[in-house]
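Everything below belongs to query.cif, which stores mmCIF, N, CA and C atoms and all ligand atoms.
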data_data
#
loop_
_atom_site.label_atom_id
_atom_site.label_comp_id
_atom_site.auth_asym_id
_atom_site.auth_seq_id
_atom_site.Cartn_x
_atom_site.Cartn_y
_atom_site.Cartn_z
N MET A 904 110.02 -29.92 189.51
CA MET A 904 110.43 -31.31 189.80
C MET A 904 109.17 -32.17 189.98
N PRO A 905 109.06 -33.31 189.29
CA PRO A 905 107.88 -34.17 189.42
C PRO A 905 107.77 -34.75 190.83
N ALA A 906 106.56 -35.22 191.16
CA ALA A 906 106.35 -35.82 192.48
C ALA A 906 107.35 -36.96 192.70
N GLN A 907 107.91 -37.02 193.88
CA GLN A 907 108.95 -38.01 194.17
C GLN A 907 108.40 -39.43 194.21
N ASN A 908 107.05 -39.56 194.43
CA ASN A 908 106.51 -40.91 194.55
C ASN A 908 105.96 -41.45 193.23
N SER A 909 106.15 -40.71 192.09
CA SER A 909 105.67 -41.28 190.84
C SER A 909 106.55 -42.47 190.45
N LEU A 910 105.95 -43.39 189.69
CA LEU A 910 106.63 -44.62 189.33
C LEU A 910 107.91 -44.33 188.53
N LEU A 911 109.00 -44.94 188.95
CA LEU A 911 110.28 -44.70 188.26
C LEU A 911 110.53 -45.79 187.23
N HIS A 912 111.01 -45.37 186.07
CA HIS A 912 111.40 -46.31 185.03
C HIS A 912 112.86 -46.05 184.66
N CYS A 913 113.45 -47.04 184.00
CA CYS A 913 114.80 -46.84 183.52
C CYS A 913 114.91 -47.35 182.08
N PHE A 914 115.89 -46.83 181.37
CA PHE A 914 116.04 -47.13 179.94
C PHE A 914 117.51 -47.07 179.58
N LEU A 915 117.93 -48.03 178.75
CA LEU A 915 119.33 -48.12 178.33
C LEU A 915 119.37 -48.29 176.81
N TYR A 916 120.27 -47.57 176.16
CA TYR A 916 120.43 -47.74 174.71
C TYR A 916 121.88 -47.50 174.34
N ARG A 917 122.20 -47.84 173.09
CA ARG A 917 123.48 -47.46 172.52
C ARG A 917 123.21 -46.83 171.16
N SER A 918 124.16 -46.04 170.69
CA SER A 918 124.02 -45.38 169.39
C SER A 918 125.40 -44.97 168.91
N HIS A 919 125.44 -44.43 167.69
CA HIS A 919 126.71 -43.99 167.10
C HIS A 919 126.65 -42.50 166.81
N LEU A 920 127.75 -41.80 167.03
CA LEU A 920 127.85 -40.40 166.64
C LEU A 920 127.59 -40.33 165.13
N ALA A 921 126.73 -39.40 164.70
CA ALA A 921 126.43 -39.28 163.26
C ALA A 921 127.69 -38.87 162.51
N SER A 922 127.82 -39.38 161.29
CA SER A 922 129.09 -39.20 160.56
C SER A 922 129.38 -37.74 160.23
N ASN A 923 128.33 -36.93 160.09
CA ASN A 923 128.53 -35.52 159.74
C ASN A 923 128.59 -34.62 160.97
N THR A 924 128.77 -35.22 162.14
CA THR A 924 128.65 -34.47 163.39
C THR A 924 130.00 -34.30 164.07
N ASP A 925 130.28 -33.05 164.47
CA ASP A 925 131.54 -32.74 165.16
C ASP A 925 131.49 -33.32 166.57
N ILE A 926 132.58 -33.93 166.94
CA ILE A 926 132.69 -34.55 168.27
C ILE A 926 132.49 -33.53 169.39
N ALA A 927 132.72 -32.25 169.07
CA ALA A 927 132.57 -31.20 170.08
C ALA A 927 131.13 -31.07 170.57
N CYS A 928 130.17 -31.63 169.82
CA CYS A 928 128.77 -31.54 170.24
C CYS A 928 128.51 -32.30 171.53
N VAL A 929 129.40 -33.22 171.87
CA VAL A 929 129.15 -34.05 173.06
C VAL A 929 129.14 -33.18 174.33
N GLY A 930 130.02 -32.18 174.36
CA GLY A 930 130.02 -31.26 175.50
C GLY A 930 128.69 -30.53 175.62
N ASP A 931 128.13 -30.11 174.48
CA ASP A 931 126.83 -29.43 174.48
C ASP A 931 125.74 -30.38 174.98
N ILE A 932 125.81 -31.63 174.52
CA ILE A 932 124.80 -32.62 174.92
C ILE A 932 124.82 -32.81 176.43
N VAL A 933 126.02 -32.93 176.99
CA VAL A 933 126.13 -33.17 178.44
C VAL A 933 125.61 -31.95 179.21
N ARG A 934 125.96 -30.75 178.75
CA ARG A 934 125.48 -29.53 179.44
C ARG A 934 123.96 -29.45 179.39
N THR A 935 123.39 -29.69 178.20
CA THR A 935 121.93 -29.66 178.05
C THR A 935 121.28 -30.70 178.96
N ALA A 936 121.86 -31.90 178.93
CA ALA A 936 121.28 -33.01 179.71
C ALA A 936 121.28 -32.68 181.20
N ARG A 937 122.38 -32.15 181.68
CA ARG A 937 122.46 -31.89 183.13
C ARG A 937 121.45 -30.83 183.54
N ALA A 938 121.30 -29.78 182.73
CA ALA A 938 120.36 -28.71 183.08
C ALA A 938 118.92 -29.21 182.99
N PHE A 939 118.58 -29.89 181.88
CA PHE A 939 117.19 -30.30 181.67
C PHE A 939 116.80 -31.44 182.61
N ASN A 940 117.66 -32.44 182.74
CA ASN A 940 117.30 -33.61 183.53
C ASN A 940 117.00 -33.25 184.99
N LYS A 941 117.76 -32.26 185.50
CA LYS A 941 117.51 -31.80 186.88
C LYS A 941 116.08 -31.32 187.04
N THR A 942 115.57 -30.62 186.03
CA THR A 942 114.22 -30.06 186.15
C THR A 942 113.16 -31.15 186.08
N GLN A 943 113.52 -32.33 185.55
CA GLN A 943 112.55 -33.41 185.34
C GLN A 943 112.72 -34.57 186.32
N GLY A 944 113.68 -34.47 187.23
CA GLY A 944 113.93 -35.57 188.16
C GLY A 944 114.52 -36.79 187.47
N ILE A 945 115.27 -36.56 186.38
CA ILE A 945 115.88 -37.66 185.63
C ILE A 945 117.37 -37.72 185.97
N THR A 946 117.86 -38.92 186.19
CA THR A 946 119.28 -39.12 186.50
C THR A 946 119.84 -40.22 185.57
N GLY A 947 121.16 -40.35 185.52
CA GLY A 947 121.73 -41.40 184.68
C GLY A 947 123.17 -41.17 184.33
N ILE A 948 123.59 -41.88 183.27
CA ILE A 948 124.99 -41.84 182.86
C ILE A 948 125.09 -41.94 181.34
N LEU A 949 126.02 -41.18 180.78
CA LEU A 949 126.31 -41.23 179.35
C LEU A 949 127.78 -41.61 179.19
N VAL A 950 128.02 -42.68 178.45
CA VAL A 950 129.39 -43.12 178.16
C VAL A 950 129.63 -42.88 176.67
N PHE A 951 130.79 -42.33 176.35
CA PHE A 951 131.12 -42.06 174.95
C PHE A 951 132.56 -42.49 174.72
N ASP A 952 132.80 -43.19 173.60
CA ASP A 952 134.17 -43.68 173.36
C ASP A 952 134.82 -43.00 172.15
N GLY A 953 134.23 -41.88 171.70
CA GLY A 953 134.75 -41.20 170.52
C GLY A 953 133.93 -41.50 169.29
N GLN A 954 133.19 -42.61 169.31
CA GLN A 954 132.35 -43.00 168.17
C GLN A 954 130.95 -43.44 168.61
N GLN A 955 130.90 -44.14 169.73
CA GLN A 955 129.63 -44.70 170.17
C GLN A 955 129.20 -44.14 171.52
N PHE A 956 127.87 -44.05 171.69
CA PHE A 956 127.30 -43.68 172.98
C PHE A 956 126.64 -44.90 173.61
N CYS A 957 126.65 -44.91 174.94
CA CYS A 957 125.80 -45.82 175.69
C CYS A 957 125.23 -44.96 176.82
N GLN A 958 123.91 -44.88 176.90
CA GLN A 958 123.29 -44.01 177.91
C GLN A 958 122.24 -44.78 178.69
N TYR A 959 122.28 -44.58 180.00
CA TYR A 959 121.28 -45.13 180.92
C TYR A 959 120.58 -43.95 181.58
N VAL A 960 119.25 -43.93 181.52
CA VAL A 960 118.48 -42.86 182.16
C VAL A 960 117.41 -43.48 183.05
N GLU A 961 117.11 -42.80 184.15
CA GLU A 961 116.10 -43.28 185.09
C GLU A 961 115.32 -42.08 185.60
N GLY A 962 114.00 -42.26 185.79
CA GLY A 962 113.19 -41.15 186.26
C GLY A 962 111.72 -41.45 186.09
N PRO A 963 110.89 -40.47 186.48
CA PRO A 963 109.44 -40.69 186.46
C PRO A 963 108.86 -40.68 185.04
N GLN A 964 107.86 -41.53 184.83
CA GLN A 964 107.08 -41.45 183.61
C GLN A 964 106.10 -40.30 183.78
N PRO A 965 105.64 -39.54 182.78
CA PRO A 965 106.01 -39.71 181.38
C PRO A 965 107.24 -38.88 180.98
N ALA A 966 107.86 -38.19 181.96
CA ALA A 966 109.01 -37.34 181.60
C ALA A 966 110.11 -38.16 180.93
N LEU A 967 110.32 -39.39 181.44
CA LEU A 967 111.39 -40.22 180.88
C LEU A 967 111.07 -40.61 179.43
N SER A 968 109.80 -41.01 179.19
CA SER A 968 109.41 -41.39 177.82
C SER A 968 109.57 -40.23 176.86
N ALA A 969 109.17 -39.04 177.31
CA ALA A 969 109.27 -37.86 176.45
C ALA A 969 110.74 -37.60 176.11
N LEU A 970 111.61 -37.72 177.11
CA LEU A 970 113.03 -37.49 176.85
C LEU A 970 113.60 -38.53 175.90
N ILE A 971 113.23 -39.80 176.11
CA ILE A 971 113.75 -40.87 175.24
C ILE A 971 113.32 -40.63 173.80
N ASP A 972 112.06 -40.21 173.60
CA ASP A 972 111.60 -39.89 172.23
C ASP A 972 112.46 -38.79 171.62
N GLN A 973 112.72 -37.78 172.43
CA GLN A 973 113.49 -36.63 171.94
C GLN A 973 114.93 -37.06 171.60
N ILE A 974 115.54 -37.83 172.49
CA ILE A 974 116.91 -38.29 172.24
C ILE A 974 116.94 -39.16 170.98
N GLY A 975 115.95 -40.06 170.85
CA GLY A 975 115.93 -40.96 169.71
C GLY A 975 115.84 -40.24 168.37
N ARG A 976 115.25 -39.04 168.38
CA ARG A 976 115.10 -38.27 167.13
C ARG A 976 116.28 -37.33 166.90
N ASP A 977 117.21 -37.27 167.83
CA ASP A 977 118.31 -36.30 167.73
C ASP A 977 119.24 -36.70 166.56
N PRO A 978 119.43 -35.80 165.58
CA PRO A 978 120.22 -36.15 164.38
C PRO A 978 121.72 -36.25 164.64
N ARG A 979 122.15 -35.92 165.86
CA ARG A 979 123.59 -36.00 166.15
C ARG A 979 124.05 -37.43 166.38
N HIS A 980 123.10 -38.37 166.47
CA HIS A 980 123.50 -39.77 166.55
C HIS A 980 122.59 -40.63 165.68
N THR A 981 123.07 -41.83 165.38
CA THR A 981 122.34 -42.77 164.51
C THR A 981 122.35 -44.15 165.16
N ARG A 982 121.65 -45.07 164.51
CA ARG A 982 121.59 -46.47 164.99
C ARG A 982 121.21 -46.54 166.47
N PHE A 983 120.17 -45.79 166.82
CA PHE A 983 119.65 -45.76 168.20
C PHE A 983 119.09 -47.15 168.52
N THR A 984 119.71 -47.86 169.45
CA THR A 984 119.35 -49.25 169.72
C THR A 984 118.98 -49.45 171.19
N PRO A 985 117.68 -49.57 171.50
CA PRO A 985 117.28 -49.83 172.89
C PRO A 985 117.82 -51.18 173.35
N LEU A 986 118.32 -51.22 174.59
CA LEU A 986 118.90 -52.45 175.14
C LEU A 986 118.14 -52.95 176.36
N HIS A 987 117.50 -52.03 177.06
CA HIS A 987 116.82 -52.43 178.29
C HIS A 987 115.81 -51.36 178.68
N SER A 988 114.64 -51.80 179.14
CA SER A 988 113.61 -50.87 179.61
C SER A 988 112.83 -51.59 180.70
N SER A 989 112.69 -50.97 181.85
CA SER A 989 111.97 -51.62 182.96
C SER A 989 111.63 -50.60 184.02
N GLU A 990 110.90 -51.08 185.05
CA GLU A 990 110.76 -50.24 186.24
C GLU A 990 112.14 -50.11 186.87
N CYS A 991 112.34 -48.98 187.53
CA CYS A 991 113.64 -48.72 188.15
C CYS A 991 113.60 -49.15 189.60
N PRO A 992 114.62 -49.89 190.06
CA PRO A 992 114.65 -50.27 191.48
C PRO A 992 114.83 -49.04 192.37
N SER A 993 114.45 -49.17 193.61
CA SER A 993 114.63 -48.09 194.57
C SER A 993 115.67 -48.56 195.61
N PRO A 994 116.66 -47.76 195.97
CA PRO A 994 116.90 -46.43 195.46
C PRO A 994 117.43 -46.47 194.02
N ARG A 995 117.39 -45.31 193.38
CA ARG A 995 117.93 -45.20 192.02
C ARG A 995 119.39 -45.58 191.97
N ARG A 996 119.83 -45.99 190.79
CA ARG A 996 121.23 -46.39 190.64
C ARG A 996 122.17 -45.18 190.55
N PHE A 997 121.68 -44.08 189.96
CA PHE A 997 122.55 -42.90 189.74
C PHE A 997 121.92 -41.66 190.37
N ALA A 998 121.45 -41.84 191.62
CA ALA A 998 120.68 -40.79 192.28
C ALA A 998 121.41 -39.46 192.35
N SER A 999 122.73 -39.46 192.38
CA SER A 999 123.49 -38.21 192.56
C SER A 999 123.85 -37.53 191.24
N TRP A 1000 123.48 -38.11 190.10
CA TRP A 1000 123.96 -37.57 188.83
C TRP A 1000 122.81 -37.25 187.87
N ALA A 1001 122.63 -35.94 187.60
CA ALA A 1001 121.64 -35.53 186.59
C ALA A 1001 122.05 -36.12 185.24
N MET A 1002 123.33 -36.20 184.96
CA MET A 1002 123.86 -36.98 183.85
C MET A 1002 125.37 -37.12 184.03
N ALA A 1003 125.75 -38.24 184.62
CA ALA A 1003 127.18 -38.54 184.73
C ALA A 1003 127.74 -38.71 183.33
N TYR A 1004 128.98 -38.35 183.14
CA TYR A 1004 129.59 -38.47 181.80
C TYR A 1004 130.94 -39.17 181.92
N VAL A 1005 131.13 -40.19 181.12
CA VAL A 1005 132.41 -40.90 181.06
C VAL A 1005 132.88 -40.95 179.63
N LEU A 1006 134.05 -40.39 179.38
CA LEU A 1006 134.72 -40.54 178.09
C LEU A 1006 135.68 -41.70 178.27
N THR A 1007 135.40 -42.83 177.62
CA THR A 1007 136.20 -44.01 177.90
C THR A 1007 137.53 -43.95 177.16
N ASP A 1008 138.57 -44.23 177.90
CA ASP A 1008 139.91 -44.28 177.32
C ASP A 1008 140.68 -45.40 178.03
N ASP A 1009 139.92 -46.42 178.40
CA ASP A 1009 140.49 -47.49 179.21
C ASP A 1009 141.44 -48.35 178.38
N GLU A 1010 142.72 -48.25 178.69
CA GLU A 1010 143.71 -48.99 177.89
C GLU A 1010 143.61 -50.50 178.09
N ASP A 1011 142.94 -50.92 179.17
CA ASP A 1011 142.79 -52.37 179.40
C ASP A 1011 141.67 -52.94 178.54
N ASP A 1012 140.89 -52.08 177.91
CA ASP A 1012 139.74 -52.56 177.13
C ASP A 1012 139.61 -51.63 175.93
N ALA A 1013 140.12 -52.08 174.78
CA ALA A 1013 140.20 -51.22 173.61
C ALA A 1013 138.84 -50.71 173.16
N ASP A 1014 137.81 -51.49 173.36
CA ASP A 1014 136.48 -51.07 172.91
C ASP A 1014 135.44 -51.45 173.97
N PRO A 1015 135.37 -50.68 175.05
CA PRO A 1015 134.46 -51.06 176.14
C PRO A 1015 133.00 -51.07 175.73
N LEU A 1016 132.62 -50.20 174.80
CA LEU A 1016 131.21 -50.20 174.40
C LEU A 1016 130.87 -51.44 173.58
N ALA A 1017 131.83 -51.93 172.81
CA ALA A 1017 131.59 -53.18 172.07
C ALA A 1017 131.40 -54.33 173.05
N SER A 1018 132.19 -54.34 174.10
CA SER A 1018 132.04 -55.43 175.07
C SER A 1018 130.72 -55.29 175.81
N LEU A 1019 130.28 -54.06 176.06
CA LEU A 1019 128.98 -53.87 176.70
C LEU A 1019 127.87 -54.45 175.83
N SER A 1020 128.01 -54.32 174.50
CA SER A 1020 126.93 -54.75 173.61
C SER A 1020 126.76 -56.26 173.61
N ARG A 1021 127.76 -56.98 174.06
CA ARG A 1021 127.64 -58.45 174.10
C ARG A 1021 126.92 -58.92 175.35
N LEU A 1022 126.62 -57.99 176.26
CA LEU A 1022 125.98 -58.36 177.51
C LEU A 1022 124.49 -58.05 177.46
N GLU A 1023 123.72 -58.69 178.34
CA GLU A 1023 122.30 -58.35 178.47
C GLU A 1023 122.17 -57.03 179.22
N GLY A 1024 120.97 -56.42 179.09
CA GLY A 1024 120.75 -55.08 179.63
C GLY A 1024 121.16 -54.88 181.08
N THR A 1025 120.70 -55.76 181.97
CA THR A 1025 120.99 -55.51 183.39
C THR A 1025 122.48 -55.69 183.68
N CYS A 1026 123.15 -56.57 182.93
CA CYS A 1026 124.61 -56.72 183.11
C CYS A 1026 125.33 -55.45 182.68
N ILE A 1027 124.83 -54.84 181.60
CA ILE A 1027 125.43 -53.58 181.14
C ILE A 1027 125.26 -52.52 182.22
N ILE A 1028 124.08 -52.47 182.81
CA ILE A 1028 123.83 -51.47 183.85
C ILE A 1028 124.79 -51.69 185.02
N GLU A 1029 125.03 -52.96 185.37
CA GLU A 1029 126.00 -53.24 186.44
C GLU A 1029 127.39 -52.73 186.05
N LYS A 1030 127.76 -52.93 184.77
CA LYS A 1030 129.06 -52.43 184.30
C LYS A 1030 129.12 -50.91 184.38
N LEU A 1031 128.01 -50.27 184.03
CA LEU A 1031 127.98 -48.81 184.11
C LEU A 1031 128.13 -48.35 185.56
N GLN A 1032 127.49 -49.07 186.47
CA GLN A 1032 127.63 -48.70 187.89
C GLN A 1032 129.08 -48.86 188.35
N ALA A 1033 129.78 -49.82 187.75
CA ALA A 1033 131.19 -50.03 188.10
C ALA A 1033 132.06 -48.87 187.63
N LEU A 1034 131.52 -48.02 186.72
CA LEU A 1034 132.28 -46.85 186.25
C LEU A 1034 132.19 -45.68 187.23
N ILE A 1035 131.37 -45.81 188.27
CA ILE A 1035 131.12 -44.68 189.17
C ILE A 1035 132.42 -44.02 189.67
N PRO A 1036 133.48 -44.77 189.98
CA PRO A 1036 134.71 -44.10 190.43
C PRO A 1036 135.30 -43.15 189.38
N LYS A 1037 134.95 -43.32 188.10
CA LYS A 1037 135.48 -42.44 187.06
C LYS A 1037 134.59 -41.23 186.80
N LEU A 1038 133.50 -41.13 187.52
CA LEU A 1038 132.49 -40.15 187.14
C LEU A 1038 132.97 -38.72 187.33
N ASP A 1039 132.59 -37.91 186.34
CA ASP A 1039 132.82 -36.48 186.37
C ASP A 1039 131.56 -35.86 186.98
N MET A 1040 131.64 -35.49 188.25
CA MET A 1040 130.45 -35.06 188.99
C MET A 1040 129.88 -33.76 188.44
N ALA A 1041 128.57 -33.78 188.15
CA ALA A 1041 127.90 -32.56 187.62
C ALA A 1041 127.74 -31.54 188.74
C1 LIG A 1101 123.58 -39.30 172.84
C2 LIG A 1101 122.64 -38.20 173.29
C3 LIG A 1101 122.22 -38.18 174.62
C4 LIG A 1101 121.38 -37.16 175.06
N1 LIG A 1101 120.96 -37.15 176.36
C5 LIG A 1101 120.15 -36.16 176.80
C6 LIG A 1101 119.67 -36.13 178.13
O1 LIG A 1101 119.95 -37.00 178.97
N2 LIG A 1101 118.89 -35.07 178.51
C7 LIG A 1101 118.54 -34.05 177.64
O2 LIG A 1101 117.84 -33.14 178.04
N3 LIG A 1101 118.97 -34.08 176.36
C8 LIG A 1101 119.76 -35.09 175.93
N4 LIG A 1101 120.18 -35.10 174.62
C9 LIG A 1101 119.79 -33.98 173.76
C10 LIG A 1101 118.38 -34.17 173.24
O3 LIG A 1101 118.39 -35.10 172.17
C11 LIG A 1101 117.83 -32.79 172.74
O4 LIG A 1101 118.76 -32.16 171.93
C12 LIG A 1101 117.53 -31.91 173.92
O5 LIG A 1101 116.55 -32.54 174.70
C13 LIG A 1101 117.04 -30.52 173.49
O6 LIG A 1101 116.01 -30.64 172.59
P1 LIG A 1101 115.46 -29.36 171.82
O7 LIG A 1101 116.65 -28.77 171.14
O8 LIG A 1101 114.44 -29.91 170.87
O9 LIG A 1101 114.90 -28.47 172.87
C14 LIG A 1101 120.98 -36.14 174.16
C15 LIG A 1101 121.40 -36.19 172.82
C16 LIG A 1101 122.23 -37.21 172.39
C17 LIG A 1101 122.67 -37.23 170.95
#
structure tokens encoding of this file:
Amino acid sequence: MPAQNSLLHCFLYRSHLASNTDIACVGDIVRTARAFNKTQGITGILVFDGQQFCQYVEGPQPALSALIDQIGRDPRHTRFTPLHSSECPSPRRFASWAMAYVLTDDEDDADPLASLSRLEGTCIIEKLQALIPKLDMA
């Protein structure tokens, strides 16, 4: 686990499940993320709607940058689009989750990730925090 006092950063992006990729890979991604992120002091949330991902990660540099590079190169998704990058406020937003996972099926909002894309980065993060009651605790 990295030193707790190293500078924390956060990063938000959206992407699409690659067309040749089985949806079942998402379970593998979440399992990998939870195991690896714990070792790096990285926390966050992954939202998936069956087609699109939106992920927020927070943690110490350079571990966070290395992970973002790795995720960005992952062939299981495409159209990797950064939405927000900054220092992370203290306390962390998702301190209890190595990687919270939300599969959106909200009948009140047919396409929640599309609506997220119309917002600025910090507004999206606030929306993600509002999903906390739905979180599947790791
Ligand atoms: C949408 C998406 C989100 C991911 N999030 C994480 C994550 O938070 N942590 C993680 O360790 N891997 C995550 N991965 C998996 C990484 O891209 C990569 O497969 C993993 O770090 C293992 O890399 P390796 O197979 O080269 O060792 C994610 C992949 C995708 C497609």
Discussion item. Could you list the protein, DNA and RNA residues that have any atom within 6.5 Å of ligand LIG 1101 (chain A), counting only N, CA and C atoms and all ligand atoms, and write them as a VMD selection string?
Written reply: chain A and resid 932 935 to 940 956 970 973 to 980 1002
Worksheet entry | d(atom N of Pro992 of chain A, atom C of Ser1018 of chain A) in Å | 22.2 Å
Fill in: Point (118.6, -54.5, 173.5) neighbourhood (8 Å, only C-alpha atoms) written as a PyMOL selection string
chain A and resi 916+984-987+1023-1024
Practice prompt. May I ask which of the residues A:Ile1028, A:Ala1003, A:Ile971, A:Ala927 is the closest one to Leu949 of chain A, counting all atoms listed in the file?
Written response: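 Comparing A:Ile1028, A:Ala1003, A:Ile971, A:Ala927 against Leu949 of chain A, the winner is A:Ala1003.
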So which residues are close to (124.3, -45.8, 169.5), meaning at most 5 Å away in the file's coordinates with all atoms listed in the file counted, and can you show them as a JSON list (two decimals) with N, CA and C atoms, in the coordinates of the input?
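What follows is the written file result_19.json:
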[["chain", "number", "residue", "atom", "x", "y", "z"],
["A", 917, "ARG", "N", 122.20, -47.84, 173.09],
["A", 917, "ARG", "CA", 123.48, -47.46, 172.52],
["A", 917, "ARG", "C", 123.21, -46.83, 171.16],
["A", 918, "SER", "N", 124.16, -46.04, 170.69],
["A", 918, "SER", "CA", 124.02, -45.38, 169.39],
["A", 918, "SER", "C", 125.40, -44.97, 168.91],
["A", 919, "HIS", "N", 125.44, -44.43, 167.69],
["A", 919, "HIS", "CA", 126.71, -43.99, 167.10],
["A", 919, "HIS", "C", 126.65, -42.50, 166.81],
["A", 956, "PHE", "N", 127.87, -44.05, 171.69],
["A", 956, "PHE", "CA", 127.30, -43.68, 172.98],
["A", 956, "PHE", "C", 126.64, -44.90, 173.61],
["A", 982, "ARG", "N", 121.65, -45.07, 164.51],
["A", 982, "ARG", "CA", 121.59, -46.47, 164.99],
["A", 982, "ARG", "C", 121.21, -46.54, 166.47],
["A", 983, "PHE", "N", 120.17, -45.79, 166.82],
["A", 983, "PHE", "CA", 119.65, -45.76, 168.20],
["A", 983, "PHE", "C", 119.09, -47.15, 168.52]]
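Note that atom N of Ile948 of chain A and atom N of Phe997 of chain A are 7.3 Å apart.
These are the residues of segment 977-1016 of chain A assigned strand (DSSP E) by DSSP from backbone coordinates: His980, Thr981, Arg982, Phe983, Thr984, Pro985, Leu986, His987, Ser988, Ser989, Glu990, Ala1003, Tyr1004, Val1005 and Leu1006 of chain A.
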Worksheet item: So which residues of chain A fall under alpha helix (DSSP H) by DSSP, listed as a count of residues only?
Response: 42
Fill in: One-decimal distance in Å that lies between atom C of Glu990 of chain A and atom N of Gly962 of chain A
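Distance reported for this atom pair: 8.1 Å.
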Box dimensions and centre (Å, one decimal) enclosing segment 940-954 of chain A, axis-aligned, 8 Å extra per side, as JSON:
{"center_x": 123.7, "center_y": -36.9, "center_z": 178.2, "size_x": 38.3, "size_y": 29.6, "size_z": 36.0}
Worksheet item: If we count only C-alpha atoms, what is near Leu967 of chain A at a cut-off of 8 Å, once residues fewer than 6 positions away on the same chain are taken out, given as number ranges by chain?
Response: A: 912-913, 945, 960-961
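Here the question is which of A:Gly944, A:Gln954, A:Gly930, A:Gln1032 gets nearest to Ala966 of chain A using all atoms listed in the file, and that residue is A:Gly944.
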